[in-house]
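**Student:** Enclosed is the structure file protein.pdb (PDB, C-alpha atoms).
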ATOM      1  CA  MET D   1       5.097  27.793  21.532
ATOM      2  CA  THR D   2       2.727  24.863  20.991
ATOM      3  CA  LYS D   3       3.569  21.276  21.617
ATOM      4  CA  TYR D   4       3.563  20.766  17.842
ATOM      5  CA  GLU D   5       6.275  23.341  17.375
ATOM      6  CA  SER D   6       8.441  22.333  20.304
ATOM      7  CA  GLU D   7      11.157  19.731  20.428
ATOM      8  CA  HIS D   8      10.264  16.342  21.865
ATOM      9  CA  GLU D   9      12.614  13.776  23.238
ATOM     10  CA  HIS D  10      11.198  11.057  21.001
ATOM     11  CA  LYS D  11      11.417  13.045  17.754
ATOM     12  CA  THR D  12      13.893  10.883  15.913
ATOM     13  CA  ILE D  13      12.643  10.878  12.300
ATOM     14  CA  GLY D  14      13.991  13.332   9.750
ATOM     15  CA  MET D  15      11.781  14.679   7.010
ATOM     16  CA  ALA D  16      13.270  12.466   4.292
ATOM     17  CA  THR D  17      12.773   9.402   6.487
ATOM     18  CA  LEU D  18       9.173  10.373   7.160
ATOM     19  CA  VAL D  19       8.501  10.668   3.428
ATOM     20  CA  ILE D  20      10.030   7.221   2.903
ATOM     21  CA  ASN D  21       7.935   5.790   5.751
ATOM     22  CA  ILE D  22       4.741   7.207   4.242
ATOM     23  CA  ILE D  23       5.535   5.732   0.828
ATOM     24  CA  ALA D  24       6.382   2.369   2.395
ATOM     25  CA  ASP D  25       3.174   2.570   4.445
ATOM     26  CA  LEU D  26       0.921   3.163   1.448
ATOM     27  CA  CYS D  27       2.354   1.476  -1.630
ATOM     28  CA  PRO D  28       2.955  -2.248  -0.971
ATOM     29  CA  HIS D  29      -0.669  -3.092  -0.254
ATOM     30  CA  GLY D  30      -2.130  -0.292  -2.359
ATOM     31  CA  MET D  31      -0.432  -0.624  -5.726
ATOM     32  CA  LEU D  32      -0.995  -4.293  -6.603
ATOM     33  CA  PRO D  33      -4.845  -4.520  -6.716
ATOM     34  CA  LEU D  34      -5.479  -1.330  -8.716
ATOM     35  CA  ALA D  35      -5.197  -2.854 -12.192
ATOM     36  CA  TYR D  36      -7.870  -5.354 -11.146
ATOM     37  CA  GLY D  37     -10.116  -2.577  -9.852
ATOM     38  CA  PHE D  38      -9.562  -0.495 -12.991
ATOM     39  CA  ALA D  39     -10.422  -3.454 -15.254
ATOM     40  CA  GLN D  40     -13.723  -4.317 -13.574
ATOM     41  CA  GLY D  41     -16.719  -3.536 -15.732
ATOM     42  CA  GLY D  42     -14.728  -3.016 -18.788
ATOM     43  CA  PRO D  43     -12.650  -0.821 -17.732
ATOM     44  CA  THR D  44     -13.313   2.510 -15.951
ATOM     45  CA  GLY D  45     -12.591   5.494 -18.191
ATOM     46  CA  LEU D  46      -9.166   7.079 -17.983
ATOM     47  CA  VAL D  47     -10.449  10.475 -16.882
ATOM     48  CA  PRO D  48     -12.658   9.162 -14.024
ATOM     49  CA  ALA D  49      -9.952   6.700 -12.924
ATOM     50  CA  LEU D  50      -7.224   9.338 -12.756
ATOM     51  CA  GLY D  51      -9.669  11.718 -11.093
ATOM     52  CA  LEU D  52     -10.450   9.116  -8.426
ATOM     53  CA  VAL D  53      -6.749   8.584  -7.690
ATOM     54  CA  LEU D  54      -6.292  12.344  -7.314
ATOM     55  CA  LEU D  55      -9.455  12.730  -5.217
ATOM     56  CA  PHE D  56      -8.737   9.898  -2.775
ATOM     57  CA  GLY D  57      -5.038  10.755  -2.501
ATOM     58  CA  THR D  58      -5.694  14.435  -1.826
ATOM     59  CA  ALA D  59      -8.541  13.773   0.604
ATOM     60  CA  SER D  60      -6.523  11.192   2.531
ATOM     61  CA  GLY D  61      -3.446  13.396   2.754
ATOM     62  CA  TYR D  62      -5.536  16.367   3.900
ATOM     63  CA  SER D  63      -7.389  14.332   6.519
ATOM     64  CA  MET D  64      -4.081  13.025   7.913
ATOM     65  CA  SER D  65      -2.849  16.618   8.169
ATOM     66  CA  LEU D  66      -6.097  17.641   9.853
ATOM     67  CA  LEU D  67      -5.833  14.773  12.326
ATOM     68  CA  ALA D  68      -2.298  15.824  13.283
ATOM     69  CA  LYS D  69      -3.495  19.425  13.683
ATOM     70  CA  LEU D  70      -6.340  18.351  15.955
ATOM     71  CA  ALA D  71      -3.913  16.310  18.054
ATOM     72  CA  ASN D  72      -1.746  19.390  18.406
ATOM     73  CA  GLU D  73      -4.648  21.652  19.334
ATOM     74  CA  THR D  74      -5.981  19.196  21.921
ATOM     75  CA  ASN D  75      -2.511  18.239  23.176
ATOM     76  CA  SER D  76      -3.309  14.570  22.437
ATOM     77  CA  ASP D  77      -1.006  11.715  21.509
ATOM     78  CA  ASN D  78      -3.596   9.418  19.952
ATOM     79  CA  ILE D  79      -6.883   9.506  18.072
ATOM     80  CA  GLY D  80      -8.858   8.466  21.148
ATOM     81  CA  GLY D  81      -7.452  11.448  23.022
ATOM     82  CA  VAL D  82      -8.590  13.791  20.255
ATOM     83  CA  TRP D  83     -12.089  12.312  20.405
ATOM     84  CA  SER D  84     -12.159  12.573  24.195
ATOM     85  CA  CYS D  85     -11.304  16.276  24.080
ATOM     86  CA  LEU D  86     -13.710  17.170  21.284
ATOM     87  CA  ILE D  87     -16.662  14.837  21.914
ATOM     88  CA  GLY D  88     -16.289  13.386  25.387
ATOM     89  CA  SER D  89     -14.424  10.702  27.283
ATOM     90  CA  ASP D  90     -17.523   8.548  27.852
ATOM     91  CA  SER D  91     -17.590   7.481  24.199
ATOM     92  CA  GLN D  92     -13.825   7.260  23.661
ATOM     93  CA  TRP D  93     -14.052   3.479  23.801
ATOM     94  CA  VAL D  94     -15.953   3.555  20.512
ATOM     95  CA  VAL D  95     -13.006   5.214  18.765
ATOM     96  CA  ASP D  96     -10.455   2.976  20.462
ATOM     97  CA  ALA D  97     -12.432  -0.126  19.473
ATOM     98  CA  SER D  98     -12.777   1.152  15.904
ATOM     99  CA  ILE D  99      -9.042   1.822  15.573
ATOM    100  CA  PHE D 100      -8.250  -1.578  17.058
ATOM    101  CA  SER D 101     -10.669  -3.300  14.665
ATOM    102  CA  LEU D 102      -9.248  -1.409  11.696
ATOM    103  CA  CYS D 103      -5.635  -2.177  12.565
ATOM    104  CA  PHE D 104      -6.479  -5.787  13.412
ATOM    105  CA  GLY D 105      -8.132  -6.122  10.027
ATOM    106  CA  CYS D 106      -5.080  -4.570   8.375
ATOM    107  CA  CYS D 107      -2.869  -7.106  10.150
ATOM    108  CA  ILE D 108      -5.021  -9.955   8.854
ATOM    109  CA  PHE D 109      -4.858  -8.459   5.368
ATOM    110  CA  TYR D 110      -1.076  -8.106   5.524
ATOM    111  CA  SER D 111      -0.706 -11.614   6.912
ATOM    112  CA  ALA D 112      -2.709 -13.050   4.025
ATOM    113  CA  PHE D 113      -0.979 -10.756   1.530
ATOM    114  CA  VAL D 114       2.559 -11.606   2.649
ATOM    115  CA  GLY D 115       1.621 -15.223   3.315
ATOM    116  CA  ASP D 116       0.334 -15.702  -0.242
ATOM    117  CA  ILE D 117       3.502 -14.208  -1.703
ATOM    118  CA  PHE D 118       5.961 -16.171   0.406
ATOM    119  CA  SER D 119       4.009 -19.421   0.359
ATOM    120  CA  ALA D 120       4.151 -19.368  -3.431
ATOM    121  CA  LEU D 121       7.901 -18.789  -3.295
ATOM    122  CA  SER D 122       8.528 -21.388  -0.597
ATOM    123  CA  SER D 123       6.505 -24.014  -2.480
ATOM    124  CA  ILE D 124       8.941 -23.585  -5.367
ATOM    125  CA  VAL D 125      12.016 -23.948  -3.154
ATOM    126  CA  PHE D 126      10.592 -26.553  -0.754
ATOM    127  CA  LYS D 127       8.654 -29.242  -2.586
ATOM    128  CA  GLN D 128       7.606 -30.912   0.662
ATOM    129  CA  GLY D 129       7.698 -30.365   4.404
ATOM    130  CA  LEU D 130       6.287 -27.584   6.569
ATOM    131  CA  PHE D 131       7.731 -24.774   4.470
ATOM    132  CA  SER D 132       5.714 -25.982   1.499
ATOM    133  CA  LYS D 133       2.483 -25.500   3.480
ATOM    134  CA  ARG D 134       0.674 -22.178   3.133
ATOM    135  CA  TRP D 135      -0.688 -22.243   6.703
ATOM    136  CA  PHE D 136       2.778 -22.734   8.190
ATOM    137  CA  VAL D 137       4.393 -19.955   6.133
ATOM    138  CA  LEU D 138       1.524 -17.591   6.955
ATOM    139  CA  SER D 139       1.708 -18.400  10.683
ATOM    140  CA  ALA D 140       5.499 -18.089  10.816
ATOM    141  CA  ILE D 141       5.508 -14.712   9.088
ATOM    142  CA  THR D 142       2.646 -13.401  11.227
ATOM    143  CA  VAL D 143       4.206 -14.442  14.541
ATOM    144  CA  GLY D 144       7.865 -13.985  13.657
ATOM    145  CA  ILE D 145       7.775 -10.778  11.597
ATOM    146  CA  LEU D 146       4.474  -8.912  11.589
ATOM    147  CA  LEU D 147       3.720  -9.180  15.310
ATOM    148  CA  PRO D 148       7.089  -7.738  16.443
ATOM    149  CA  LEU D 149       6.675  -4.890  13.951
ATOM    150  CA  CYS D 150       3.204  -4.120  15.311
ATOM    151  CA  LEU D 151       4.590  -3.917  18.853
ATOM    152  CA  LEU D 152       7.223  -1.311  17.992
ATOM    153  CA  GLU D 153       6.710   1.983  19.827
ATOM    154  CA  ASP D 154       9.461   3.919  18.040
ATOM    155  CA  LEU D 155       8.912   4.252  14.285
ATOM    156  CA  SER D 156      12.538   5.269  13.757
ATOM    157  CA  ALA D 157      13.375   1.567  14.050
ATOM    158  CA  LEU D 158      11.713   1.129  10.657
ATOM    159  CA  GLN D 159      14.048   3.541   8.836
ATOM    160  CA  PHE D 160      16.148   0.858   7.169
ATOM    161  CA  THR D 161      13.282  -1.510   6.358
ATOM    162  CA  SER D 162      11.242   1.393   4.936
ATOM    163  CA  LEU D 163      14.150   2.381   2.701
ATOM    164  CA  VAL D 164      14.491  -1.196   1.474
ATOM    165  CA  GLY D 165      10.724  -1.296   0.994
ATOM    166  CA  VAL D 166      10.751   1.833  -1.179
ATOM    167  CA  ALA D 167      13.545   0.331  -3.283
ATOM    168  CA  GLY D 168      11.356  -2.752  -3.705
ATOM    169  CA  ILE D 169       8.380  -0.593  -4.673
ATOM    170  CA  LEU D 170      10.442   1.124  -7.370
ATOM    171  CA  TYR D 171      11.744  -2.217  -8.636
ATOM    172  CA  THR D 172       8.240  -3.680  -8.856
ATOM    173  CA  THR D 173       6.870  -0.599 -10.619
ATOM    174  CA  PHE D 174       9.613  -0.456 -13.242
ATOM    175  CA  PHE D 175       9.506  -4.234 -13.638
ATOM    176  CA  HIS D 176       5.872  -3.958 -14.786
ATOM    177  CA  ILE D 177       6.752  -1.134 -17.165
ATOM    178  CA  PHE D 178       9.682  -3.114 -18.557
ATOM    179  CA  ARG D 179       7.617  -6.251 -19.065
ATOM    180  CA  TYR D 180       5.014  -4.232 -20.986
ATOM    181  CA  LEU D 181       7.581  -2.478 -23.177
ATOM    182  CA  CYS D 182       9.449  -5.687 -24.041
ATOM    183  CA  GLY D 183       6.193  -7.528 -24.849
ATOM    184  CA  THR D 184       6.913 -10.583 -22.705
ATOM    185  CA  TYR D 185       3.182 -11.181 -22.109
ATOM    186  CA  SER D 186       1.846  -9.777 -25.369
ATOM    187  CA  VAL D 187      -0.424 -11.803 -27.673
ATOM    188  CA  GLY D 188       1.533 -14.665 -29.252
ATOM    189  CA  SER D 189       4.378 -14.582 -26.738
ATOM    190  CA  PRO D 190       5.807 -18.009 -25.756
ATOM    191  CA  MET D 191       5.508 -16.972 -22.090
ATOM    192  CA  LEU D 192       1.713 -17.271 -22.328
ATOM    193  CA  ALA D 193       2.043 -21.047 -22.605
ATOM    194  CA  HIS D 194       3.029 -21.088 -18.927
ATOM    195  CA  LEU D 195      -0.143 -19.307 -17.763
ATOM    196  CA  SER D 196      -3.464 -20.898 -16.867
ATOM    197  CA  GLY D 197      -6.520 -20.003 -18.911
ATOM    198  CA  LYS D 198      -7.881 -17.354 -16.568
ATOM    199  CA  LEU D 199      -4.517 -15.556 -16.531
ATOM    200  CA  ILE D 200      -4.165 -15.206 -20.317
ATOM    201  CA  PRO D 201      -4.168 -11.444 -21.058
ATOM    202  CA  ARG D 202      -7.293 -10.192 -22.807
ATOM    203  CA  TRP D 203      -8.927  -6.829 -23.305
ATOM    204  CA  PRO D 204     -12.317  -5.522 -24.352
ATOM    205  CA  SER D 205     -12.679  -3.386 -27.459
ATOM    206  CA  PRO D 206     -11.772  -0.583 -27.256
ATOM    207  CA  LYS D 207      -8.910  -1.274 -24.856
ATOM    208  CA  PHE D 208      -9.158   2.164 -23.204
ATOM    209  CA  VAL D 209     -11.940   4.734 -23.076
ATOM    210  CA  LEU D 210     -11.744   8.299 -21.843
ATOM    211  CA  PHE D 211     -15.081   8.595 -20.060
ATOM    212  CA  ARG D 212     -16.926   5.687 -18.486
ATOM    213  CA  THR D 213     -18.165   4.837 -15.021
ATOM    214  CA  ASN D 214     -19.912   1.612 -14.078
ATOM    215  CA  GLY D 215     -20.199  -0.882 -11.257
ATOM    216  CA  GLY D 216     -16.516  -1.655 -11.618
ATOM    217  CA  SER D 217     -15.714   1.946 -10.737
ATOM    218  CA  LEU D 218     -17.060   1.227  -7.251
ATOM    219  CA  VAL D 219     -14.525  -1.598  -6.944
ATOM    220  CA  LEU D 220     -11.760   0.826  -7.891
ATOM    221  CA  MET D 221     -13.042   3.365  -5.368
ATOM    222  CA  ASN D 222     -13.016   0.766  -2.612
ATOM    223  CA  MET D 223      -9.446  -0.226  -3.442
ATOM    224  CA  LEU D 224      -8.290   3.394  -3.507
ATOM    225  CA  CYS D 225      -9.924   3.988  -0.130
ATOM    226  CA  VAL D 226      -7.842   1.172   1.349
ATOM    227  CA  ALA D 227      -4.727   2.079  -0.658
ATOM    228  CA  PHE D 228      -4.479   5.562   0.851
ATOM    229  CA  LEU D 229      -5.250   4.434   4.394
ATOM    230  CA  ALA D 230      -2.496   5.264   6.889
ATOM    231  CA  HIS D 231      -4.326   7.581   9.256
ATOM    232  CA  TYR D 232      -3.697   5.438  12.329
ATOM    233  CA  ASN D 233      -0.031   6.493  12.034
ATOM    234  CA  ALA D 234      -0.673  10.217  11.512
ATOM    235  CA  ILE D 235      -0.130  11.308  15.117
ATOM    236  CA  SER D 236       2.870   8.996  15.582
ATOM    237  CA  TYR D 237       4.451  10.463  12.477
ATOM    238  CA  ARG D 238       3.832  13.979  13.752
ATOM    239  CA  ASN D 239       5.187  13.159  17.208
ATOM    240  CA  GLU D 240       8.440  11.685  15.928
ATOM    241  CA  LEU D 241       9.277  14.238  13.234
ATOM    242  CA  LYS D 242      12.383  16.265  14.075
ATOM    243  CA  ASN D 243      11.869  20.056  14.245
ATOM    244  CA  SER D 244       8.181  19.386  13.788
ATOM    245  CA  THR D 245       6.064  22.217  12.420
ATOM    246  CA  PRO D 246       2.787  22.076  10.494
ATOM    247  CA  GLN D 247       4.629  23.210   7.379
ATOM    248  CA  ARG D 248       7.267  20.461   7.575
ATOM    249  CA  PHE D 249       4.697  17.788   8.363
ATOM    250  CA  ASN D 250       2.424  18.884   5.504
ATOM    251  CA  MET D 251       5.362  18.965   3.093
ATOM    252  CA  ALA D 252       6.247  15.376   4.058
ATOM    253  CA  LEU D 253       2.631  14.365   3.454
ATOM    254  CA  MET D 254       2.592  16.087   0.051
ATOM    255  CA  LEU D 255       5.782  14.342  -1.050
ATOM    256  CA  GLY D 256       4.761  10.953   0.344
ATOM    257  CA  PHE D 257       1.210  10.972  -0.994
ATOM    258  CA  GLY D 258       2.309  12.538  -4.286
ATOM    259  CA  THR D 259       4.818   9.760  -4.864
ATOM    260  CA  ALA D 260       2.255   7.126  -3.883
ATOM    261  CA  MET D 261      -0.266   8.581  -6.341
ATOM    262  CA  ALA D 262       2.316   8.428  -9.140
ATOM    263  CA  VAL D 263       3.113   4.795  -8.303
ATOM    264  CA  PHE D 264      -0.592   3.917  -8.158
ATOM    265  CA  VAL D 265      -1.286   5.462 -11.573
ATOM    266  CA  LEU D 266       1.662   3.651 -13.180
ATOM    267  CA  MET D 267       0.755   0.283 -11.647
ATOM    268  CA  MET D 268      -2.932   0.675 -12.498
ATOM    269  CA  LEU D 269      -2.376   1.553 -16.157
ATOM    270  CA  TYR D 270       0.618  -0.667 -16.918
ATOM    271  CA  GLY D 271      -0.883  -3.590 -14.995
ATOM    272  CA  TYR D 272      -4.037  -3.305 -17.088
ATOM    273  CA  SER D 273      -1.988  -2.841 -20.263
ATOM    274  CA  LEU D 274      -0.140  -6.080 -19.460
ATOM    275  CA  PHE D 275      -3.077  -8.318 -18.528
ATOM    276  CA  GLY D 276      -6.326  -6.472 -19.239
ATOM    277  CA  ILE D 277      -9.433  -7.909 -17.628
ATOM    278  CA  ALA D 278      -7.411 -10.991 -16.596
ATOM    279  CA  ALA D 279      -5.566  -8.860 -13.996
ATOM    280  CA  GLN D 280      -5.778 -10.485 -10.567
ATOM    281  CA  PRO D 281      -6.397  -8.699  -7.222
ATOM    282  CA  LEU D 282      -2.773  -9.563  -6.369
ATOM    283  CA  LEU D 283      -1.218  -8.551  -9.681
ATOM    284  CA  LEU D 284       1.987 -10.527  -9.138
ATOM    285  CA  ASN D 285      -0.079 -13.712  -9.416
ATOM    286  CA  ASN D 286      -0.517 -12.986 -13.141
ATOM    287  CA  PHE D 287       3.132 -13.659 -13.928
ATOM    288  CA  ALA D 288       4.748 -17.003 -14.742
ATOM    289  CA  ARG D 289       7.042 -16.927 -11.719
ATOM    290  CA  THR D 290       8.906 -20.152 -12.345
ATOM    291  CA  GLN D 291       9.859 -19.064 -15.893
ATOM    292  CA  ASP D 292      10.046 -15.285 -15.381
ATOM    293  CA  VAL D 293      13.071 -14.595 -13.184
ATOM    294  CA  LEU D 294      12.268 -10.914 -12.726
ATOM    295  CA  ALA D 295       8.750 -11.831 -11.640
ATOM    296  CA  SER D 296      10.069 -14.238  -9.026
ATOM    297  CA  VAL D 297      12.130 -11.423  -7.479
ATOM    298  CA  ALA D 298       9.224  -8.939  -7.357
ATOM    299  CA  PRO D 299       7.385 -10.597  -4.427
ATOM    300  CA  LEU D 300      10.552 -10.408  -2.354
ATOM    301  CA  ALA D 301      10.982  -6.756  -3.316
ATOM    302  CA  VAL D 302       7.477  -5.846  -2.200
TER     303      VAL D 302
END
Go through the file and emit its structure as C-alpha cells.

**Tutor:**
Amino acid sequence: MTKYESEHEHKTIGMATLVINIIADLCPHGMLPLAYGFAQGGPTGLVPALGLVLLFGTASGYSMSLLAKLANETNSDNIGGVWSCLIGSDSQWVVDASIFSLCFGCCIFYSAFVGDIFSALSSIVFKQGLFSKRWFVLSAITVGILLPLCLLEDLSALQFTSLVGVAGILYTTFFHIFRYLCGTYSVGSPMLAHLSGKLIPRWPSPKFVLFRTNGGSLVLMNMLCVAFLAHYNAISYRNELKNSTPQRFNMALMLGFGTAMAVFVLMMLYGYSLFGIAAQPLLLNNFARTQDVLASVAPLAV
C-alpha cells in the first residue's frame, strides 16, 4: 500500500469539505475580473471565451492531480521535495523561492483585493478617523486576518470559513444574475444617475459575437490563468483528505473545478451583460453601493 492510499494521522478533511475548500480557494479572486477580461477588445467571441474557460480549468485541474500523484510517487510532502527527487536537491532552492514568490504575490493581491472592498465599506460607515483610511484598513486586515490564515498548518481549520465563503460566492453570483434580470442598471434606469461617467454601462455593436479573438483575449487568458491557480495547496489537500485515494482526490478536483468553471462563466457573461465594456477589474466597483443595498452586501459575502 502506498502512502497515498494509507491513512495518515493528519487526514482530517472529508471529500465534501475538500470540494468546498477548492471552490473557496478559486472563486473569490477569480470570478470578479472575468467580465473585464472578456470585454477587452470588444469583446472576445463567445466560443473562444467559453473554450478558454474549459481549457484553463481542465488543464489546471489535471496539473493539480498530476502534482499530487508525483508527490505520492516520490513520497514527498511539498513541491520542493518532488523537485528534489526528480531533478536534484542542489536546485531545490529555485522551486522553493518560486513558490514563496508566488504565494507572497498572492498575499499582496489578496491584501489589496480585500483592502479595497473593506476600505470602501468602512469609508461609508466611518466618515473620519483611522477606519476611514484605506492604508489602515488594508494593514489591519493583512496583519489581523490574512497573516494568521497563512500560518495555519491544518487546513481543516478552514472548514467553516470555506463554507461561509462558498455561500458568499453563490450569493454574489445570483446577485449579478438578479440585477441583470430586473434591469436595475439597464439603459434609462434611475440607478445610473448614481454612477460616474466611466461606470455607465455601454456595449459595442453587436453586443456579443460568436467567433472573435483579439488583444483583449490575451487579457482574458491571463485572468483565467490566475483564476484557476491553487496548485500550491495540491499536496496539502491530498495529505489531509480522509481515506485518500487517487480516485477520491480526482473526484474532488472534478467537482471543485467544475463548479468554479460554472461560476466563472456565469460571472463573465452576466457581468458583461450588466456593464459591457465599462466593467471594472473588480466588478463590484461598478455598482452604486450606497444606493444598492444588495450590492453593499456582496463585498462582505465575497

**Student:** For Leu266 (chain D), list every protein, DNA or RNA residue within 9 Å, evaluated using only C-alpha atoms, and leave out those in the same chain fewer than 2 positions away; present the list as a list in words.

**Tutor:**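 Using only C-alpha atoms, the neighbours found are Met31, Thr173, Phe174, His176, Ile177, Met261, Ala262, Val263, Phe264, Met268, Leu269, Tyr270 and Gly271 of chain D.
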
**Student:** Within 8 Å of (-2.8, 8.5, 17.3) (file coordinates; all atoms listed in the file), which protein or nucleic acid residues are there? I'd like them as a PyMOL selection string.

**Tutor:** chain D and resi 71+76-81+232-236

**Student:** Please provide the set of residues having any atom within 8 Å of Gly14 (chain D), restricted to only C-alpha atoms, with same-chain residues fewer than 4 positions apart removed, written as a list in words.

**Tutor:**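 With the cut-off at 8 Å, the set is Leu18, Leu241 and Lys242 of chain D.
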
**Student:** Padding 6 Å on every side, please: axis-aligned box over the listed atoms of region 292-301 of chain D, centre and edge lengths to one decimal in Å, as AutoDock Vina command-line options.

**Tutor:**
--center_x 10.2 --center_y -11.0 --center_z -8.9 --size_x 17.7 --size_y 20.5 --size_z 25.0

**Student:** Using the chain letters and numbers from this file, what does the PyMOL selection byres ((chain D and resi 47-52) around 9) select? Give the answer as a PyMOL selection string.

**Tutor:** chain D and resi 38+44-46+53-57+209-213+217+220-221+224+265

**Student:** Any chance you could resolve the PyMOL selection byres ((chain D and resi 283) around 8) against this file and give the residues as a PDB file with C-alpha atoms, in the coordinates of the input?

**Tutor:**
ATOM      1  CA  LEU D  32      -0.995  -4.293  -6.603  1.00  0.00           C
ATOM      2  CA  PRO D  33      -4.845  -4.520  -6.716  1.00  0.00           C
ATOM      3  CA  ALA D  35      -5.197  -2.854 -12.192  1.00  0.00           C
ATOM      4  CA  TYR D  36      -7.870  -5.354 -11.146  1.00  0.00           C
ATOM      5  CA  GLY D 271      -0.883  -3.590 -14.995  1.00  0.00           C
ATOM      6  CA  ALA D 279      -5.566  -8.860 -13.996  1.00  0.00           C
ATOM      7  CA  GLN D 280      -5.778 -10.485 -10.567  1.00  0.00           C
ATOM      8  CA  PRO D 281      -6.397  -8.699  -7.222  1.00  0.00           C
ATOM      9  CA  LEU D 282      -2.773  -9.563  -6.369  1.00  0.00           C
ATOM     10  CA  LEU D 284       1.987 -10.527  -9.138  1.00  0.00           C
ATOM     11  CA  ASN D 285      -0.079 -13.712  -9.416  1.00  0.00           C
ATOM     12  CA  ASN D 286      -0.517 -12.986 -13.141  1.00  0.00           C
ATOM     13  CA  PHE D 287       3.132 -13.659 -13.928  1.00  0.00           C
TER      14      PHE D 287
END
